[in-house]
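Asker: Here it is: the structure, laid out below.
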Amino acid sequence: MISEGWCVVLELIVISTLNGVLFGMLLFLMASGLTVIFSMLGVLNFAHASFYMLGAFFGFQISRWVGFWPALFIAPLLAGALGAAVERFGLRRVHRNGHVAELLFTFGLAFAIEEIVQIIWGKSPVDFRIPASLDFPAFRIFSTNYPAYKMFMLLVSIAIFVGLLVVLKKSRVGLIVQAALTHPHMVGHLGHNVGRIFMLVFGVGTALAAVAGVIAGPALVTQSNMAALLGPILFVVVVVGGLGSLPGAFVASLLIGLVQTFAVSMNGSLAGAFGPLGPDYAQTWLSDIWGVTVAQVAPIMPYVLLVLILIFRPMGLLGTRET
Amino acid sequence: MTELASSVAPPNPALSERLKFYGIWIAVALLLLVLPKIFGSGGALTTFSLIGISIIFSLSYNILLGQTGLLSFGHAVYYGLGGFLVIHAINIIGANKLPIPLPVVPLVGGLTGLFFAALLGWVSTQRSGTAFAMISLGVAELIASSALILRTFFGGEAGISANRTKLFRLFDWSFGPQIQIYYLVAAWTLLAIIAMYALTRTPLGRMCNAVRDNPERVQFVGYDPHVIRYLAFCFAGFFAGVAGALAAINFEIANSAYLGAVQSGTVLFSTYIGGVGYFIGPIVGAIFVTALSLSLSDLTSVWQLYFGLFFIAVVTFAPGGITGLLMMHRPLLRGGTLGKVLPSYLIALIPTLALVAGLILAIESIVHHTVNPGDDPNIKAFGMSFNASSPITWIIALFLIVGGFVVARETWRRLARAWDDALTVAHERGYHA
C-alpha cells in the first residue's frame with residue numbers, strides 16, 4: 001500500500017516530469033532552428049525568440065478570423081516567409097560587414113519586432129484561448145487533471161522532432177545541412193547554392209520557432225514581452241548544449257525544461273530546512289538568501305547552470321567548437 | 001645604440017603637434033566650464049549631466065567592443081552595481097558623518113564595477129566572439145534576476161534612494177542644485193575621457209587591439225589573449241561603475257532598471273551608432289542618442305520603433321557609425337575632391353527624404369489606427385499634420401515609399417560611382433586617410 005504522503009510526492013514528480021519534458025521540447029523546437037542557423041550562417045539569430053512571439057500573435061489573429069487549426073499552419077508559414085525575407089534582404093547584405101554587424105542586426109530586429117507587436121496588439125496579454133475541441137482533461141493522475149491541450153503540445157513537438165530527424169538523416173537537403181554543420185565551406189565548394197540553402201534554413205528555422213509560438217500561445221501568456229522573457233533562456237540552451245551541436249541542444253533543452261519545472265514546484269527554503277535566522281540577522285540581506293524559496297529562484301536556475309557549465313565545461317555539454 | 005633606438009621609436013612630437021594635442025583637451029575643459037553659462041536652464045543642465053554619464057558609459061563599453069572586439073549584452077551589470085553601491089555608500093557616510101565629500105564617492109562605484117568585473121570576468125572572457133556575447137547576456141540576466149530576489153539590498157521593484165546633500169561639505173558645496181551636479185559630472189567625464197584615452201595608448205591598449213584583430217598571432221608573440229580580454233573587461237567594468245555612480249548621484253535613486261537589458265541595449269546602441277572604430281565615436285554616439293531619445297519622445301509616441309529602425313539602418317548601411325561615415329570623407333576633403341561628390345549627395349538626398357517621409361506617414365497612420373482608434377483622425381507628427389483615415393494619406397505614403405525607394409536606389413548607385421572616382425583622384429594625389 002502506498003501511503004498518502006507518497007502519493008503527493010509521486011504525483012508531483014509525474015506532473016513535473018510531464019511539464020518539464022513539454023517545456024523542454026518547446027525549447028528544442030526553437031533551439032534546433034537556432035543551432036542549425038548558427039552552424040550554417042555563423043550568426044546567432046538574436047531575433048529567434050521574436051519569431052516565436054510573431055508565431056503566437058499571428059496564430060492569435062488568424063485563429064480569430066478562421067479558427068485555430070488553419071492558424072496552426074498559416075502562422076508558421078507567414079513567419080517563415082518573413083524569416084526567409086529577413087535573411088535574403090537583410091542578413092545577406094549585412095554579412096559583408098562581419099559577424100558582429102550580423103548579430104547586431106538581429107538584435108535591432110528583435111527590438112523593432114517587439115515595438116511593432118506592441119503597436120499592433122498592445123502591451124497587455126491578448127485573449128488567445130485553447131480551441132474548444134481540445135479543452136478537456138486528457139487523464140487523471142491521483143488528484144490532478146492533466147489537460148488534453150498539453151498532451152497535444154507534447155505530441156506536436158515530438159512529431160516535429162521525429163520529422164526533423166528523418167529529414168536530417170534521410171533526405172538530400174538534410175545531408176547538405178548536416179555537412180554544413182561541420183564543414184560549411186566545403187559545402188559551398190562542392191557547388192551547392194549556398195545562398196538558397198541559407199534562406200531555406202533560415203525560413204524553416206524561424207517557422208519552427210513560430211510553430212512553438214502558436215502551440216504555446218494559448219497555454220502560456222501571449223504578450224509583447226514573451227520574446228524578451230524566453231530569448232535569454234534560449235541562448236542559455238544553445239551555449240549549455242554546446243554552440244552548433246544539435247544533440248547538445250536537445251539534451252540542454254530537456255535539462256533546462258526539467259530543472260525549471262521542478263524548481264517551480266518546490267517550496268523549500270534554507271530557512272525551512274534549518275530554521276529561520278536569529279533576530280540579529282532578520283533584517284539583513286542574508287535573510288533574503290535564507291528565506292527565498294526554491295520556486296522563487298526558478299527563473300535564475302538556467303543562468304546558474306550556464307555559469308556552472310562555463311566554469312567546468314566551457315565548450316558546453318556536447319560542444320566541440322571553440323567559437 | 002642610440003641611433004637604433006631613435007630610428008625605432010617614433011620621433012618626439014614637434015611643439016606645434018603637442019600644442020594641438022593639449023589644446024584640444026584644454027578647449028574641451030573650457031567648453032565644459034562655460035556650457036552652463038550659455039545654456040543655463042534646469043532642463044539643459046539635466047540633459048548635459050545625462051550626456052556626460054552616457055559618454056563615460058559608452059566609452060567604457062567601447063573598451064570592450066571597439067578596442068578588444070568583445071560584444072557584450074550585459075554591460076549594464078557593472079553600471080547598475082556601481083550605482084547601488086554608491087547609494088548605500090552615501091547612506092552609510094551620511095549616517096556615520098564620515099569626512100568623505102561627494103566628489104570622491106563615484107570612486108566607490110568604480111571600485112564596485114572593477115570588483116564585479118574581476119569576479120565575473122574570468123569565466124566570461126574565456127571565449128570571445130558569439131560565445132562571449134551569449135555568456136554576457138546570461139550573466140546579466142542572472143544578476144538582474146537576483147537583484148529582484150535580494151530585496152533588502154536592492155530594494156525590490158522600487159529601488160533604494162539616498163540624500164546626496166547630507167554629506168561632508170567641501171568649500172560649502174551642498175550638491176543640491178543641478179548646476180553643482182553638472183560640474184561634478186563634467187569633471188568626472190573629463191577625467192574619465194582622459195584616462196580612457198591614455199589607456200588606448202598603453203601597451204595593454206595596443207595588445208587589446210591585437211587580440212581583437214588576430215588572437216592567434218597574439219599567442220605566438222607570447223601573450224595570453226584570455227588575460228588581455230580579462231584586463232580590458234576589468235577596466236571597462238571600472239568606468240561603467242563610475243558612470244553608474246554618477247547616474248545614481250544625479251537621480252538620488254538606484255533601481256533594478258539600472259542593471260537591466262534595456263540599459264545594456266542602450267549603451268550598445270549609442271556606442272555603435274557613434275562608431276566603434278574611433279576613440280571619439282562613443283562620445284558622438286552618447287551625445288547623439290541622448291539628444292535623439294529626448295527630442296524624439298516629444299515628437300512621436302512610438303519613438304522607440306524609429307530608434308530601432310534607425311539602428312538597423314546604421315548596422316546595414318554604415319557599420320562604421322557616424323564617425324566612420326564622417327572619417328570616410330577625410331581623404332576627399334584633404335585631396336580636394338569633396339566638391340565632386342556633393343552634387344550627387346544632394347540628388348540622392350531628395351528621394352531618400354521622400355522615402356523616410358513616406359515611412360513616417362505610414363507608421364504614424366498605422367499607429368493611430370491601432371493604438372488610439374477612437375481619436376480624431378487629424379493627427380500631427382514631426383510637425384506634419386495629416387488625416388490618418390483619408391485614403392489620400394495612404395496613397396501619398398505608398399507613392400512616397402515605392403517611388404522614393406526606386407529613385408533613391410538609383411541615385412545612391414550614382415553617388416557610389418561618383419564617390420569611387422573622387423576617391424581614386426584623392427589617392428592619386430597621395431591622400432589615403
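Here, A, B, ... name the chains of the C-alpha cells in the order displayed, residue numbers run from 1 inside each chain, and ligands are numbered from 1 in the same displayed order.
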Please identify all residues of chain A having at least one atom at most 8 Å from any atom of chain B, considering only C-alpha atoms, and return them as a PyMOL selection string.

Answerer: chain A and resi 43-44+90+93-94+97+100-101+104-105+108-109+111-112+115-116+119-122+232-233+235-236+239+243+283-285+288-289+292+296-297+299-300+303-304+306-307+310-311+314+322-323

Asker: Next, write the just-selected residues to a file, as an mmCIF file, in the first residue's frame, keeping C-alpha atoms as the atom set.

Answerer:
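That gives us result09.cif:
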```cif
data_model
loop_
_atom_site.group_PDB
_atom_site.id
_atom_site.type_symbol
_atom_site.label_atom_id
_atom_site.label_comp_id
_atom_site.auth_asym_id
_atom_site.auth_seq_id
_atom_site.Cartn_x
_atom_site.Cartn_y
_atom_site.Cartn_z
ATOM 1 C CA VAL A 43 25.256 34.099 -36.946
ATOM 2 C CA LEU A 44 23.369 33.644 -33.731
ATOM 3 C CA GLY A 90 18.783 41.909 -44.524
ATOM 4 C CA ARG A 93 23.591 42.409 -47.065
ATOM 5 C CA VAL A 94 24.971 42.835 -43.575
ATOM 6 C CA ASN A 97 30.207 43.900 -42.507
ATOM 7 C CA VAL A 100 29.326 41.483 -35.079
ATOM 8 C CA ALA A 101 27.235 43.507 -37.505
ATOM 9 C CA LEU A 104 23.673 43.463 -34.029
ATOM 10 C CA PHE A 105 21.328 43.443 -36.999
ATOM 11 C CA GLY A 108 17.994 45.597 -33.677
ATOM 12 C CA LEU A 109 15.417 43.437 -35.413
ATOM 13 C CA PHE A 111 13.967 45.373 -30.681
ATOM 14 C CA ALA A 112 11.930 46.579 -33.665
ATOM 15 C CA GLU A 115 7.903 47.571 -30.729
ATOM 16 C CA ILE A 116 5.783 46.649 -33.750
ATOM 17 C CA ILE A 119 1.900 48.922 -31.550
ATOM 18 C CA ILE A 120 -0.409 46.414 -33.208
ATOM 19 C CA TRP A 121 -1.565 44.252 -30.290
ATOM 20 C CA GLY A 122 -0.790 46.442 -27.291
ATOM 21 C CA PRO A 232 17.863 34.677 -22.908
ATOM 22 C CA ILE A 233 16.840 31.152 -21.834
ATOM 23 C CA PHE A 235 20.652 31.347 -25.656
ATOM 24 C CA VAL A 236 21.479 29.584 -22.411
ATOM 25 C CA VAL A 239 25.525 27.673 -25.001
ATOM 26 C CA LEU A 243 27.239 26.057 -29.774
ATOM 27 C CA GLN A 283 16.663 42.480 8.515
ATOM 28 C CA THR A 284 19.921 41.966 6.595
ATOM 29 C CA TRP A 285 20.418 40.788 3.018
ATOM 30 C CA ASP A 288 16.868 37.234 1.744
ATOM 31 C CA ILE A 289 19.096 34.341 0.788
ATOM 32 C CA VAL A 292 13.973 32.622 -0.514
ATOM 33 C CA GLN A 296 11.411 31.888 -6.313
ATOM 34 C CA VAL A 297 14.884 31.160 -7.661
ATOM 35 C CA PRO A 299 13.839 31.912 -13.042
ATOM 36 C CA ILE A 300 17.576 32.209 -12.382
ATOM 37 C CA TYR A 303 21.669 31.159 -15.695
ATOM 38 C CA VAL A 304 23.216 29.458 -12.691
ATOM 39 C CA LEU A 306 25.161 28.473 -17.536
ATOM 40 C CA VAL A 307 27.793 29.823 -15.164
ATOM 41 C CA LEU A 310 31.212 27.771 -18.206
ATOM 42 C CA ILE A 311 33.426 27.075 -15.230
ATOM 43 C CA PRO A 314 33.386 25.894 -21.347
ATOM 44 C CA GLU A 322 35.967 26.645 -29.800
ATOM 45 C CA THR A 323 33.910 29.622 -31.010
#
```

Asker: For range 171-187 of chain B, find every residue with an atom within 10 Å (counting only C-alpha atoms), except residues of its own chain fewer than 2 positions away, and show them as a PyMOL selection string.

Answerer: chain B and resi 29+32-33+35-36+40-53+56+101-104+106+163-169+189-193+243+246-247+249-250

Asker: I'd like to know which residues of range 117-317 of chain A are helix (DSSP H, G or I) (by DSSP, run on the backbone); could you write them as a JSON list (two decimals) with C-alpha atoms, in the first residue's frame?

Answerer:
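Full text of part_27.json as output:
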```json
[["chain", "number", "residue", "atom", "x", "y", "z"],
["A", 117, "VAL", "CA", 3.94, 43.93, -31.83],
["A", 118, "GLN", "CA", 3.30, 46.44, -29.06],
["A", 119, "ILE", "CA", 1.90, 48.92, -31.55],
["A", 120, "ILE", "CA", -0.41, 46.41, -33.21],
["A", 121, "TRP", "CA", -1.57, 44.25, -30.29],
["A", 132, "ALA", "CA", -12.76, 24.05, -27.73],
["A", 133, "SER", "CA", -12.05, 20.66, -29.30],
["A", 134, "LEU", "CA", -9.01, 20.26, -27.03],
["A", 148, "ALA", "CA", -5.51, 17.46, -23.24],
["A", 149, "TYR", "CA", -4.05, 20.59, -24.82],
["A", 150, "LYS", "CA", -0.74, 19.98, -23.09],
["A", 151, "MET", "CA", -0.69, 16.44, -24.43],
["A", 152, "PHE", "CA", -1.40, 17.91, -27.86],
["A", 153, "MET", "CA", 1.55, 20.32, -27.47],
["A", 154, "LEU", "CA", 3.77, 17.42, -26.47],
["A", 155, "LEU", "CA", 2.63, 15.32, -29.43],
["A", 156, "VAL", "CA", 3.12, 18.15, -31.93],
["A", 157, "SER", "CA", 6.61, 18.90, -30.70],
["A", 158, "ILE", "CA", 7.56, 15.20, -30.68],
["A", 159, "ALA", "CA", 6.12, 14.76, -34.18],
["A", 160, "ILE", "CA", 8.15, 17.71, -35.46],
["A", 161, "PHE", "CA", 11.21, 16.40, -33.68],
["A", 162, "VAL", "CA", 10.84, 12.99, -35.37],
["A", 163, "GLY", "CA", 10.12, 14.66, -38.71],
["A", 164, "LEU", "CA", 13.24, 16.80, -38.38],
["A", 165, "LEU", "CA", 15.30, 13.75, -37.51],
["A", 166, "VAL", "CA", 14.06, 11.88, -40.58],
["A", 167, "VAL", "CA", 14.62, 14.87, -42.88],
["A", 168, "LEU", "CA", 18.10, 15.45, -41.50],
["A", 169, "LYS", "CA", 19.18, 11.82, -41.64],
["A", 170, "LYS", "CA", 17.44, 10.58, -44.77],
["A", 172, "ARG", "CA", 19.29, 15.09, -49.58],
["A", 173, "VAL", "CA", 18.72, 18.54, -48.10],
["A", 174, "GLY", "CA", 19.26, 17.02, -44.67],
["A", 175, "LEU", "CA", 22.58, 15.61, -45.76],
["A", 176, "ILE", "CA", 23.69, 19.00, -47.05],
["A", 177, "VAL", "CA", 22.57, 20.67, -43.82],
["A", 178, "GLN", "CA", 24.40, 18.04, -41.79],
["A", 179, "ALA", "CA", 27.53, 18.54, -43.86],
["A", 180, "ALA", "CA", 27.24, 22.29, -43.44],
["A", 181, "LEU", "CA", 27.06, 21.87, -39.66],
["A", 182, "THR", "CA", 30.65, 20.71, -39.54],
["A", 184, "PRO", "CA", 30.25, 24.92, -44.06],
["A", 185, "HIS", "CA", 32.96, 26.00, -46.52],
["A", 186, "MET", "CA", 33.29, 22.56, -48.10],
["A", 187, "VAL", "CA", 29.57, 22.53, -48.88],
["A", 188, "GLY", "CA", 29.97, 25.80, -50.73],
["A", 189, "HIS", "CA", 32.98, 24.47, -52.62],
["A", 194, "VAL", "CA", 24.62, 28.09, -50.52],
["A", 195, "GLY", "CA", 22.60, 31.28, -50.67],
["A", 196, "ARG", "CA", 19.37, 29.44, -51.32],
["A", 197, "ILE", "CA", 20.10, 26.81, -48.68],
["A", 198, "PHE", "CA", 20.77, 29.58, -46.17],
["A", 199, "MET", "CA", 17.49, 31.26, -47.00],
["A", 200, "LEU", "CA", 15.66, 27.94, -46.75],
["A", 201, "VAL", "CA", 17.27, 27.03, -43.45],
["A", 202, "PHE", "CA", 16.55, 30.45, -42.01],
["A", 203, "GLY", "CA", 12.94, 30.26, -43.16],
["A", 204, "VAL", "CA", 12.41, 26.74, -41.79],
["A", 205, "GLY", "CA", 14.17, 27.60, -38.52],
["A", 206, "THR", "CA", 12.02, 30.67, -37.91],
["A", 207, "ALA", "CA", 8.90, 28.72, -38.97],
["A", 208, "LEU", "CA", 9.70, 26.07, -36.33],
["A", 209, "ALA", "CA", 10.01, 28.81, -33.73],
["A", 210, "ALA", "CA", 6.66, 30.13, -34.89],
["A", 211, "VAL", "CA", 5.08, 26.65, -34.53],
["A", 212, "ALA", "CA", 6.29, 26.67, -30.95],
["A", 213, "GLY", "CA", 4.71, 30.11, -30.59],
["A", 214, "VAL", "CA", 1.33, 29.05, -31.97],
["A", 215, "ILE", "CA", 1.02, 25.99, -29.77],
["A", 216, "ALA", "CA", 2.49, 27.66, -26.68],
["A", 217, "GLY", "CA", 0.45, 30.85, -27.09],
["A", 218, "PRO", "CA", -2.86, 29.56, -25.66],
["A", 219, "ALA", "CA", -1.18, 27.62, -22.84],
["A", 226, "MET", "CA", 7.25, 36.95, -24.31],
["A", 227, "ALA", "CA", 10.27, 37.15, -26.65],
["A", 228, "ALA", "CA", 12.31, 39.11, -24.14],
["A", 229, "LEU", "CA", 11.44, 36.59, -21.42],
["A", 230, "LEU", "CA", 12.26, 33.50, -23.43],
["A", 231, "GLY", "CA", 15.14, 34.77, -25.57],
["A", 232, "PRO", "CA", 17.86, 34.68, -22.91],
["A", 233, "ILE", "CA", 16.84, 31.15, -21.83],
["A", 234, "LEU", "CA", 17.10, 30.05, -25.45],
["A", 235, "PHE", "CA", 20.65, 31.35, -25.66],
["A", 236, "VAL", "CA", 21.48, 29.58, -22.41],
["A", 237, "VAL", "CA", 20.23, 26.36, -24.04],
["A", 238, "VAL", "CA", 22.48, 26.66, -27.05],
["A", 239, "VAL", "CA", 25.52, 27.67, -25.00],
["A", 240, "VAL", "CA", 24.99, 24.94, -22.40],
["A", 241, "GLY", "CA", 24.40, 22.32, -25.09],
["A", 246, "LEU", "CA", 22.10, 19.64, -32.30],
["A", 247, "PRO", "CA", 22.22, 16.70, -29.86],
["A", 248, "GLY", "CA", 23.65, 19.12, -27.30],
["A", 249, "ALA", "CA", 20.75, 21.50, -27.85],
["A", 250, "PHE", "CA", 18.34, 18.60, -27.35],
["A", 251, "VAL", "CA", 19.93, 17.49, -24.08],
["A", 252, "ALA", "CA", 20.19, 21.05, -22.80],
["A", 253, "SER", "CA", 16.58, 21.85, -23.72],
["A", 254, "LEU", "CA", 15.26, 18.89, -21.75],
["A", 255, "LEU", "CA", 17.66, 19.57, -18.88],
["A", 256, "ILE", "CA", 16.61, 23.20, -18.55],
["A", 257, "GLY", "CA", 12.96, 22.36, -19.04],
["A", 258, "LEU", "CA", 13.07, 19.80, -16.24],
["A", 259, "VAL", "CA", 15.23, 21.87, -13.89],
["A", 260, "GLN", "CA", 12.99, 24.89, -14.18],
["A", 261, "THR", "CA", 9.72, 22.96, -13.85],
["A", 262, "PHE", "CA", 10.89, 21.02, -10.82],
["A", 263, "ALA", "CA", 12.24, 24.17, -9.18],
["A", 264, "VAL", "CA", 8.91, 25.96, -9.64],
["A", 265, "SER", "CA", 7.02, 23.14, -7.91],
["A", 270, "LEU", "CA", 17.11, 27.26, 3.64],
["A", 271, "ALA", "CA", 15.04, 28.67, 6.46],
["A", 272, "GLY", "CA", 12.59, 25.82, 6.03],
["A", 273, "ALA", "CA", 15.38, 23.26, 6.22],
["A", 274, "PHE", "CA", 17.46, 24.75, 9.01],
["A", 279, "PRO", "CA", 16.64, 38.09, 15.13],
["A", 280, "ASP", "CA", 20.04, 39.76, 14.71],
["A", 281, "TYR", "CA", 20.09, 38.86, 11.04],
["A", 285, "TRP", "CA", 20.42, 40.79, 3.02],
["A", 286, "LEU", "CA", 21.45, 37.42, 4.47],
["A", 287, "SER", "CA", 17.82, 36.87, 5.42],
["A", 288, "ASP", "CA", 16.87, 37.23, 1.74],
["A", 289, "ILE", "CA", 19.10, 34.34, 0.79],
["A", 290, "TRP", "CA", 17.98, 32.36, 3.80],
["A", 291, "GLY", "CA", 14.26, 32.88, 3.29],
["A", 294, "VAL", "CA", 13.35, 27.21, -4.47],
["A", 295, "ALA", "CA", 10.32, 28.25, -6.52],
["A", 296, "GLN", "CA", 11.41, 31.89, -6.31],
["A", 297, "VAL", "CA", 14.88, 31.16, -7.66],
["A", 298, "ALA", "CA", 13.49, 29.05, -10.53],
["A", 299, "PRO", "CA", 13.84, 31.91, -13.04],
["A", 300, "ILE", "CA", 17.58, 32.21, -12.38],
["A", 301, "MET", "CA", 18.25, 28.45, -12.45],
["A", 302, "PRO", "CA", 19.12, 28.38, -16.19],
["A", 303, "TYR", "CA", 21.67, 31.16, -15.69],
["A", 304, "VAL", "CA", 23.22, 29.46, -12.69],
["A", 305, "LEU", "CA", 23.51, 26.35, -14.83],
["A", 306, "LEU", "CA", 25.16, 28.47, -17.54],
["A", 307, "VAL", "CA", 27.79, 29.82, -15.16],
["A", 308, "LEU", "CA", 28.50, 26.35, -13.78],
["A", 309, "ILE", "CA", 28.88, 24.91, -17.28],
["A", 310, "LEU", "CA", 31.21, 27.77, -18.21],
["A", 311, "ILE", "CA", 33.43, 27.07, -15.23],
["A", 312, "PHE", "CA", 33.58, 23.29, -15.60]]
```
